[in-house]
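Enquirer: Below is a structure I'd like to ask you about.
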Amino acid sequence: MQASPLLLALLPSLPLGAAAGAPAQGGKVAPPPGLVLVEGGKTRIGTPESDIEKLFSEFPTTTANAAPFISETPESTLDVDGFFLMVTELTNEQFAAYVRATGARPPQGWAEAAIAKARDEYLAAQNATRKEAVARGERPPAQVPFAAADWWRENWRGSEWTAPDDKAGKPVVYVDYQDAVAYARWAGLRLPTEHEFTRAVRGNGDDPYAWGEGFEAGKQAATSEIKGKSDAFPVGSFPEGASKQGVFDLSGNVWEWTASPYMPLPKWKARKYTYGKGRSQKTIDVIPGWTPDYRVVKSGSIQNPRFMARCTTRRGADRYEQASLLGFRCAASVAPGADLAGTLLDDIPTELRPRDVNGALEYMPKLTLALDRWQTAPASKVAVEGYSIITGYDYIAFVPIAGMHAVNESDVRKASLEQGLVHVGLFATNQPLRDPQLPAGSYLVTIRGKGETPKKKEEKKPEKPGDGPAAGAPAPAGQDPAPAPVVEQKPIEERIALDITKDNFVLFDMTGEPVAAIPIQRFNWGDPSVSDSKMRNEDITVMVPGLDAKGKEIEIPEEQRWLLVDFFVKGRTAKGLKTTLPLRFPDGVLENEWRQ
């Protein structure tokens, strides 16, 4: 702490608020804005092989592209955890808030005029080239279609675009998988898995649609049975097709990205399928083109018939695919911080992944301690209950490691001095810190126990020059090359100011540089308890430098608001380290409502 570590008083913990705009409901964690809870449970996944053969017989045109339907098999039952899901497909006005906030690439559908102009110029240039070839008596080059998506990827920064007001309440389309993931991360959310999508539709039953088994054209979903309509409807246009949780358009309207790779369902086996009767009976022997880099898209669209709108329908899509009827909706795990942890851990550079003497360390995302909150704006074009426009997301999170190879606190201190700093977790926030004074970002949290760093024993050197191979030089045949020269790192106490008479947390940024040392006030070893892992606000009175009435330098008491991160890391036995990471944010940051 930059302020004096002398604590004069600890006042009662102050409760952290619920999510802004989404108060806690019945003691449960409040959902993010625009999402509702889908309870977990045993869920029927996939389609029986006999039902696929029946589908081929009833709709023979499906056999021309049988592989996606075969990929739905077999049917099985899986446990799906509860989760939060957006009540509608993401709209243009929701995506526009993200584009304005981040400067991300807008969908190509927002730049129809610019793309039309570029297409005309491209075709004109291509025709001119062909005419010139003919004039020279040469064979003209083949015509190459204008690739609008590719042109937009390369030229969007210098082109004009407008978020269409007349389509504000329609699903955003022309978004590839990367666009969908980027929005979800910015909004503090994630994409649903295909099994979560099925759970949202079926619940504990086995119906193909959220409303049941029957289907009335134009009543519950936007499919190709609606004649004369090929463009997506505004979200929520079919209330009779909503799920019991109030989730709309899970069938039809636009295809939706999921986070699931396009791979076989559990227990899938290759087999032959037959359809038709008697002499007209035919056999299909096809294996779907599984591609783990592809992602499963669900729900069908306005241009597909009802059987494509079943919750079991799955299609594999290239992650860079952009289409006029391909959009997405977001989901979130029930445990605050669980999704954020995955994102933060993915962002740790490979060379900074922590290790100890036994190899790479594992983190525990499910034990993440997190505070988060959202900023929202009023909806302008959508009147669906629960719908919300996210304009910002804030977070404070700590992800602990799974365990350490220690049996008591002395063991931790010894290892930190003799083997290298002991890594205990990852801290991350998009809020600047006041104490220690650090910018928003992610930081590896390590422990440096009190005491002197032992001096390393000097390695035996060659007796005279030339007795050993030069570092990095080619080795004689059959021998390993000499190791590259190692740059000797200074002890941590020489790289950053810290008091070696105390146990310290040492924070490293994502470049591998130590950036702060924080004296540890609680350093205990014992059995875990519920109270060992939490975030809490404390008003702490500390002594800080000041002046008395005569201008003489003294220490005076000052009340400060701190965030104390209590966490537990298991040791080699059931017991482990109980400690607290103290952090201070600028005045006012912790006063607003946060979800915990």
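We name chains A, B, ... following the order of the structure tokens; residues begin at 1 in each chain, and ligands are numbered from 1 as shown.
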Write out as number ranges by chain all residues of segment 16-188 of chain A that backbone DSSP assigns to strand (DSSP E or B).

Expert: A: 19, 22, 25, 28, 35-38, 41-45, 76-80, 83-86, 91, 171

Enquirer: Go ahead and write the residues just picked, C-alpha atoms, as a compact mmCIF listing (two decimals), in the first residue's frame.

Expert:
```txt
# COMPACT_ATOMS: atom_id res chain seq x y z
CA ALA A 19 -26.30 -5.37 -10.88
CA ALA A 22 -31.14 -5.82 -12.56
CA GLN A 25 -34.23 -11.83 -7.44
CA LYS A 28 -30.28 -15.52 -6.68
CA LEU A 35 -31.00 -11.88 -20.41
CA VAL A 36 -33.19 -14.32 -18.47
CA LEU A 37 -32.43 -17.47 -16.53
CA VAL A 38 -32.81 -20.84 -18.23
CA GLY A 41 -31.28 -30.14 -16.10
CA LYS A 42 -31.27 -33.36 -18.10
CA THR A 43 -31.77 -32.43 -21.75
CA ARG A 44 -32.59 -34.49 -24.83
CA ILE A 45 -29.88 -33.74 -27.39
CA SER A 76 -28.97 -38.81 -26.09
CA THR A 77 -29.52 -37.18 -22.72
CA LEU A 78 -27.02 -34.73 -21.28
CA ASP A 79 -26.91 -32.60 -18.15
CA VAL A 80 -26.88 -28.92 -19.10
CA PHE A 83 -27.42 -20.26 -17.75
CA PHE A 84 -28.65 -16.82 -18.79
CA LEU A 85 -29.84 -16.21 -22.37
CA MET A 86 -30.76 -13.09 -24.35
CA THR A 91 -30.45 -6.27 -32.94
CA PRO A 171 -31.48 -8.88 -36.02
```

Enquirer: Counting only C-alpha atoms, which residues of segment 317-406 of chain A fall within 9 Å of segment 523-540 of chain A, and what is the closest atom pair for each with its distance in Å at one decimal, ordered by chain and rising number, as JSON lines?

Expert:
```
{"residue": "A:Leu367", "atom": "CA", "partner": "A:Ser533", "partner_atom": "CA", "distance": 8.3}
{"residue": "A:Leu369", "atom": "CA", "partner": "A:Lys534", "partner_atom": "CA", "distance": 6.3}
{"residue": "A:Ala370", "atom": "CA", "partner": "A:Met535", "partner_atom": "CA", "distance": 7.5}
{"residue": "A:Leu371", "atom": "CA", "partner": "A:Met535", "partner_atom": "CA", "distance": 8.0}
```

Enquirer: Give the alpha helix (DSSP H) residues of segment 184-263 of chain A, as DSSP finds them on the backbone, and put them as a list in words.

Expert: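 Of segment 184-263 of chain A, only Ala184, Arg185, Trp186, Glu194, His195, Glu196, Phe197, Thr198, Arg199, Ala200, Val201 and Arg202 of chain A fall in alpha helix (DSSP H).
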
Enquirer: For segment 349-364 of chain A, please output as a ChimeraX atom specification all residues within 6 Å (counting only C-alpha atoms; exclusion window: fewer than 5 positions along the same chain).

Expert: /A:400-402

Enquirer: Suppose we keep N, CA and C atoms; can you now write the selection as a PDB file, in the first residue's frame?

Expert:
```pdb
ATOM      1  N   PRO A 400      -8.109 -17.603  -8.965  1.00  0.00           N
ATOM      2  CA  PRO A 400      -7.043 -18.279  -8.215  1.00  0.00           C
ATOM      3  C   PRO A 400      -6.498 -19.491  -8.959  1.00  0.00           C
ATOM      4  N   ILE A 401      -5.303 -19.917  -8.589  1.00  0.00           N
ATOM      5  CA  ILE A 401      -4.770 -21.161  -9.128  1.00  0.00           C
ATOM      6  C   ILE A 401      -5.422 -22.333  -8.400  1.00  0.00           C
ATOM      7  N   ALA A 402      -5.282 -23.532  -8.979  1.00  0.00           N
ATOM      8  CA  ALA A 402      -5.946 -24.705  -8.413  1.00  0.00           C
ATOM      9  C   ALA A 402      -5.277 -25.198  -7.135  1.00  0.00           C
TER      10      ALA A 402
END
```

Enquirer: I'd like the interatomic distance between atom CA of Ala323 of chain A and atom CA of Asp347 of chain A, to a tenth of an Å.

Expert: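 Computing it gives 29.1 Å between the two atoms.
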
Enquirer: With only C-alpha atoms as the counted atoms, please give the residues lying no more than 8 Å from Ala232 of chain A, apart from itself and same-chain residues fewer than 4 positions off, as a ChimeraX atom specification.

Expert: /A:170-171,222,253-254,301-302,325

Enquirer: Selection from above, N, CA and C atoms, as a compact mmCIF listing (two decimals), in the first residue's frame, can you write it?

Expert:
```txt
# COMPACT_ATOMS: atom_id res chain seq x y z
N LYS A 170 -34.37 -5.00 -36.01
CA LYS A 170 -34.19 -6.29 -36.68
C LYS A 170 -32.87 -6.92 -36.25
N PRO A 171 -32.74 -8.23 -36.40
CA PRO A 171 -31.48 -8.88 -36.02
C PRO A 171 -30.31 -8.33 -36.83
N ALA A 222 -40.81 -17.16 -37.97
CA ALA A 222 -40.57 -16.61 -39.31
C ALA A 222 -39.83 -17.65 -40.14
N ASN A 253 -36.41 -16.92 -38.42
CA ASN A 253 -35.97 -15.52 -38.55
C ASN A 253 -34.55 -15.44 -39.09
N VAL A 254 -33.49 -15.65 -38.25
CA VAL A 254 -32.12 -15.72 -38.77
C VAL A 254 -31.38 -16.86 -38.08
N SER A 301 -33.92 -20.01 -40.72
CA SER A 301 -34.18 -18.60 -41.00
C SER A 301 -35.51 -18.43 -41.73
N ILE A 302 -35.83 -17.20 -42.07
CA ILE A 302 -37.05 -16.87 -42.79
C ILE A 302 -37.08 -17.53 -44.17
N LEU A 325 -28.68 -13.58 -43.55
CA LEU A 325 -29.60 -14.12 -42.54
C LEU A 325 -28.84 -14.94 -41.50
```
